[in-house]
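S.K.: Below is one structure. I have some questions about it.
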Amino acid sequence: MSFFSSVALAPDDPILGLTDAWLADPRSPKVNLGVGVYYDAQGRQVLPESVMRAEAILTARRRARSYIPIDGLPDYDSATRTLVFGENCRALAEDRVVTAQTLGGTGALRVGADFLKATLPAARAAISAPSWPNHKVLFRAAGFEVEDYPYYHPASHGVDFEAMRAALAAMEPGTVVLLHACCHNPTGADLSVAQWREVAQVVRERGLLPFVDMAYQGFDRGIAEDAQGIALLLEAGVENLLVANSCSKSFSLYGERIGALSLVCGSADEARRVRSQVKQTIRANYSNPPTHGAALVATILGDPDLRAQWEEEVGQMRDRIKAMRSGLVARLAALGRTEFGFINRQAGMFTYSGLSAAQVQRLREEFAIYAVSSGRICVSALNESNLDYVAEAMAKVAA
Ligand code: LMR
């Protein structure tokens, strides 16, 4: 009798499972609009020139791969911190920010959630409706009770800001509120600067604890601009907040699993104690993080020339995504589907197309086009060779 005989079969992951299914699909043409990965105009995954140059520098250095500190490569942590909080952040100057290298943005969210559960065991977590499906999964896995707060307004394809604000204002003080810094996943509907200011005020007045997920920095307006919500929270006098950031998309380093968790603390002494606990969390999970992705990012951010090149390359990705948005809208309009104009107003890698789960299923069955069942489509997987095909299929299933 096997010890595992009662193990149930878990469902495929709603996003990563699509890539497996797409790879196994023998049909041609086939298009994977599921996972949030940036592809270039030829449909290839990108190797940014800045990353390749950093790779060459590291290879020439012939580094031995020793263990790095539990909380990560110091150069990576300090460069990332500046990327997230900006050069002139007071909390940084006051030495109140703890940054720890993590296994991607997901690792940052999980280390942060584990730390919060241990520190504030009674706190609840609140997540936008909808959100990246794994948010709920990982907060629950860390032991949190999770509630939704209203966010998306289907009729306008934008943020239902009044409902969101009211929900925040009514939350239990101490609730951990997950916010998307930019390029909201899955809706592409972001808060305006004025709305961020209002959120910051409610968060402070109500005594909520923001946990900002920034997986797409640079994909909407720019590196500093996309982090503006974080700066506004701090400017409004919010004392504590957490940020999970990721280098998967912005450096095209998906498989390196490179991200960071930052925690803004009340004082430098508090930060020292918080760091010690974050290190314990990491040590109990995977001991310490891997070297390579962190070394690449630290090399790029530490060299003015490489950094400028990287920012330019992020800008090119951003511009191509926007071109694919308008290309899709124009083709759909030419096919008589003028209702998709909102796709141009959404930000980041995704469009929340409004297609139902049944319509998404038809895309997959009839056209070998894979999208997330929520209707989320990865715009950065579109290119001149598949745009007509995708637009025609979308127009057919939407009819
Ligand atoms: C996505 O939302 O597609 C990405 O963040 C990849 C993932 O891990 O789900």
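Naming scheme: A, B, ... for chains in displayed order of the structure tokens; residues 1 onward per chain; ligands 1 onward as shown.
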Please identify which residues in segment 301-385 of chain A DSSP calls strand (DSSP E) from the backbone, and express them as a list in words.
M.R.: Phe350, Thr351, Tyr352, Ile369, Tyr370, Arg376, Ile377 and Cys378 of chain A
S.K.: Do a neighbour search on Thr102 of chain A at 7 Å with only C-alpha atoms, toss out local chain neighbours closer than 5 positions, and write the hits as JSON, numbers by chain.
M.R.: {"A": [107, 108, 258, 259, 260, 261, 289]}
S.K.: Write a file of the selected residues as a short mmCIF file (atom, residue, chain, number, x, y, z; two decimals), in the first residue's frame, keeping N, CA, C and O atoms.
M.R.:
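again_14.cif, freshly written:
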```
data_model
loop_
_atom_site.label_atom_id
_atom_site.label_comp_id
_atom_site.auth_asym_id
_atom_site.auth_seq_id
_atom_site.Cartn_x
_atom_site.Cartn_y
_atom_site.Cartn_z
N GLY A 107 8.62 34.83 -5.17
CA GLY A 107 9.36 34.53 -3.95
C GLY A 107 9.29 35.69 -2.97
O GLY A 107 9.17 35.49 -1.76
N ALA A 108 9.32 36.92 -3.51
CA ALA A 108 9.23 38.10 -2.64
C ALA A 108 7.87 38.15 -1.95
O ALA A 108 7.77 38.44 -0.75
N ILE A 258 14.69 36.06 -10.39
CA ILE A 258 15.35 37.13 -9.68
C ILE A 258 14.36 38.28 -9.38
O ILE A 258 13.79 38.86 -10.28
N GLY A 259 14.21 38.54 -8.10
CA GLY A 259 13.32 39.60 -7.62
C GLY A 259 13.81 40.06 -6.27
O GLY A 259 14.92 39.71 -5.84
N ALA A 260 13.01 40.88 -5.61
CA ALA A 260 13.40 41.34 -4.28
C ALA A 260 12.18 41.72 -3.46
O ALA A 260 11.16 42.16 -3.99
N LEU A 261 12.34 41.53 -2.16
CA LEU A 261 11.34 42.01 -1.21
C LEU A 261 11.95 43.20 -0.47
O LEU A 261 13.08 43.12 0.02
N PRO A 289 19.75 32.71 -1.78
CA PRO A 289 19.34 32.75 -3.19
C PRO A 289 20.50 32.47 -4.15
O PRO A 289 21.66 32.51 -3.76
#
```
S.K.: Could you please write out, as number ranges by chain, every residue of segment 303-379 of chain A that DSSP assigns to helix (DSSP H, G or I)?
M.R.: A: 304-334, 338-345, 357-367, 379
S.K.: Taking only C-alpha atoms and all ligand atoms into account, which residues have an atom no farther than 10 Å from ligand 1? I'd like them as a ChimeraX atom specification.
M.R.: /A:13-19,33-37,104-106,131-135,184-186,215-216,246,248-249,254,349-350,372,376-378
S.K.: Can you work out which one of A:Phe340, A:Val379, A:Thr299, A:Thr291 has the shortest atom-to-atom distance to Arg65 of chain A, counting only C-alpha atoms?
M.R.: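 Nearest to Arg65 of chain A: A:Thr291.
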S.K.: I'd like the contact shell of segment 332-334 of chain A - 12 Å cut-off, only C-alpha atoms, skipping same-chain residues fewer than 3 positions apart - returned as a list in words.
M.R.: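 Contacts, with the query itself left out: Arg325, Ser326, Gly327, Leu328, Val329, Arg337, Thr338, Glu339, Phe340, Gly341, Phe342, Ile343, Ser353, Leu387, Asp388, Tyr389, Val390, Ala391, Glu392, Ala393, Met394, Ala395, Lys396, Val397, Ala398 and Ala399 of chain A.
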S.K.: Taking 5 positions as the minimum chain separation for residues in the same chain, which residues sit within 10 Å of Pro69 of chain A when counting only C-alpha atoms? Answer as a list in words.
M.R.: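 Counting only the stated atoms, we get Pro74, Ala100, Gln101, Lys279, Ser287, Asn288, Pro289, Pro290 and Thr291 of chain A.
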S.K.: Could you pull the residues within 10 Å of Ile321 of chain A, counting only C-alpha atoms, minus those fewer than 2 positions along the same chain, as JSON, numbers by chain?
M.R.: {"A": [38, 39, 40, 41, 219, 220, 315, 316, 317, 318, 319, 323, 324, 325, 326, 327, 347, 348, 349, 350, 378, 379, 380, 381, 382, 383]}
S.K.: Those same residues - N, CA and C atoms - I'd like them written as a short mmCIF file (atom, residue, chain, number, x, y, z; two decimals), in the first residue's frame.
M.R.:
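As a result, selection.cif now contains:
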```
data_model
loop_
_atom_site.label_atom_id
_atom_site.label_comp_id
_atom_site.auth_asym_id
_atom_site.auth_seq_id
_atom_site.Cartn_x
_atom_site.Cartn_y
_atom_site.Cartn_z
N TYR A 38 7.38 38.53 -22.54
CA TYR A 38 7.55 39.45 -23.68
C TYR A 38 8.27 38.73 -24.81
N TYR A 39 7.70 38.84 -26.02
CA TYR A 39 8.33 38.30 -27.22
C TYR A 39 8.58 39.46 -28.19
N ASP A 40 9.60 39.32 -29.03
CA ASP A 40 9.90 40.40 -29.97
C ASP A 40 9.03 40.29 -31.22
N ALA A 41 9.31 41.15 -32.20
CA ALA A 41 8.48 41.22 -33.41
C ALA A 41 8.51 39.91 -34.20
N PHE A 219 7.03 49.01 -18.00
CA PHE A 219 6.20 48.57 -19.13
C PHE A 219 5.03 49.50 -19.41
N ASP A 220 4.79 50.48 -18.55
CA ASP A 220 3.71 51.42 -18.87
C ASP A 220 4.28 52.77 -19.27
N GLY A 315 12.27 50.51 -22.95
CA GLY A 315 11.42 51.45 -23.71
C GLY A 315 10.98 50.84 -25.04
N GLN A 316 11.89 50.09 -25.66
CA GLN A 316 11.51 49.45 -26.94
C GLN A 316 10.43 48.39 -26.72
N MET A 317 10.56 47.64 -25.63
CA MET A 317 9.53 46.62 -25.33
C MET A 317 8.19 47.31 -25.10
N ARG A 318 8.25 48.39 -24.31
CA ARG A 318 7.03 49.14 -23.99
C ARG A 318 6.37 49.65 -25.28
N ASP A 319 7.17 50.20 -26.18
CA ASP A 319 6.61 50.78 -27.41
C ASP A 319 6.02 49.69 -28.30
N ALA A 323 2.22 49.31 -29.74
CA ALA A 323 1.92 49.17 -31.17
C ALA A 323 1.04 47.95 -31.42
N MET A 324 1.28 46.88 -30.67
CA MET A 324 0.46 45.67 -30.85
C MET A 324 -0.97 45.90 -30.36
N ARG A 325 -1.10 46.68 -29.29
CA ARG A 325 -2.45 47.04 -28.83
C ARG A 325 -3.21 47.76 -29.94
N SER A 326 -2.59 48.81 -30.50
CA SER A 326 -3.34 49.57 -31.51
C SER A 326 -3.53 48.74 -32.77
N GLY A 327 -2.57 47.86 -33.07
CA GLY A 327 -2.72 46.98 -34.23
C GLY A 327 -3.91 46.05 -34.07
N ALA A 347 -2.94 49.19 -19.70
CA ALA A 347 -1.49 49.37 -19.58
C ALA A 347 -0.80 48.03 -19.33
N GLY A 348 0.40 47.91 -19.90
CA GLY A 348 1.24 46.74 -19.58
C GLY A 348 1.09 45.62 -20.58
N MET A 349 1.45 44.43 -20.13
CA MET A 349 1.53 43.29 -21.04
C MET A 349 0.19 42.71 -21.44
N PHE A 350 -0.82 43.00 -20.62
CA PHE A 350 -2.07 42.26 -20.82
C PHE A 350 -3.21 43.13 -21.29
N CYS A 378 -2.17 38.04 -23.51
CA CYS A 378 -0.84 38.65 -23.42
C CYS A 378 -0.54 39.36 -24.75
N VAL A 379 -0.63 40.67 -24.74
CA VAL A 379 -0.46 41.46 -25.97
C VAL A 379 0.96 41.35 -26.50
N SER A 380 1.93 41.13 -25.61
CA SER A 380 3.31 41.12 -26.07
C SER A 380 3.66 39.83 -26.82
N ALA A 381 2.72 38.90 -26.92
CA ALA A 381 2.95 37.72 -27.77
C ALA A 381 2.41 37.95 -29.17
N LEU A 382 1.85 39.14 -29.42
CA LEU A 382 1.34 39.45 -30.76
C LEU A 382 2.47 40.01 -31.62
N ASN A 383 2.39 39.76 -32.91
CA ASN A 383 3.36 40.35 -33.85
C ASN A 383 2.70 40.44 -35.22
#
```
S.K.: Kindly give the distance, in Å, that separates atom CA of Arg165 of chain A and atom CA of Leu116 of chain A, rounded to a single decimal.
M.R.: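 Separating atom CA of Arg165 of chain A from atom CA of Leu116 of chain A is a distance of 23.6 Å.
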S.K.: Contacts of Val238 of chain A at 9 Å or less, counting only C-alpha atoms, minus same-chain residues fewer than 6 places along, as a PyMOL selection string?
M.R.: chain A and resi 200-201+203-205+207-210+232
S.K.: For the atom pair atom CA of Thr99 of chain A and atom CA of Gln277 of chain A, what is the interatomic distance in Å to one decimal place?
M.R.: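 Here the two named atoms are 12.3 Å from each other.
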S.K.: Hey, which of A:Cys265, A:Leu306, A:Leu23, A:Ala64 ends up closest to Phe251 of chain A? Count only C-alpha atoms.
M.R.: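 Of the candidates, the smallest distance to Phe251 of chain A is held by A:Leu306.
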S.K.: Smallest atom-to-atom distance to Asp213 of chain A: which of A:Val84, A:Leu335, A:Ala10, A:Ala189, using only C-alpha atoms?
M.R.: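 Going through A:Val84, A:Leu335, A:Ala10, A:Ala189 one by one, the smallest distance to Asp213 of chain A is for A:Val84.
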S.K.: Just to confirm, what's the straight-line distance from atom CA of Leu73 of chain A to atom CA of Ala113 of chain A in Å (one decimal)?
M.R.: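 These two atoms are separated by 21.7 Å.
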S.K.: From the options A:Ala126, A:Ala8, A:Ile230, A:Cys183, which residue's atoms come nearest to Leu168 of chain A, counting only C-alpha atoms?
M.R.: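 Looking at the shortest contact to Leu168 of chain A, the residue is A:Ala126.
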S.K.: Neighbouring residues of segment 77-82 of chain A were defined as those with any atom within 12 Å, considering only C-alpha atoms; residues of the same chain fewer than 5 positions away were excluded. Please report them as number ranges by chain.
M.R.: A: 68-72, 87-93, 95-102, 214, 217, 223-224, 227, 230-231, 242-247, 258-264, 289, 293-303, 307
S.K.: Given only C-alpha atoms as the basis, pick out the residue of A:Val314, A:Leu233, A:Ala155, A:Ala123 nearest to Gly143 of chain A.
M.R.: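 Result for the nearest residue to Gly143 of chain A: A:Ala123.
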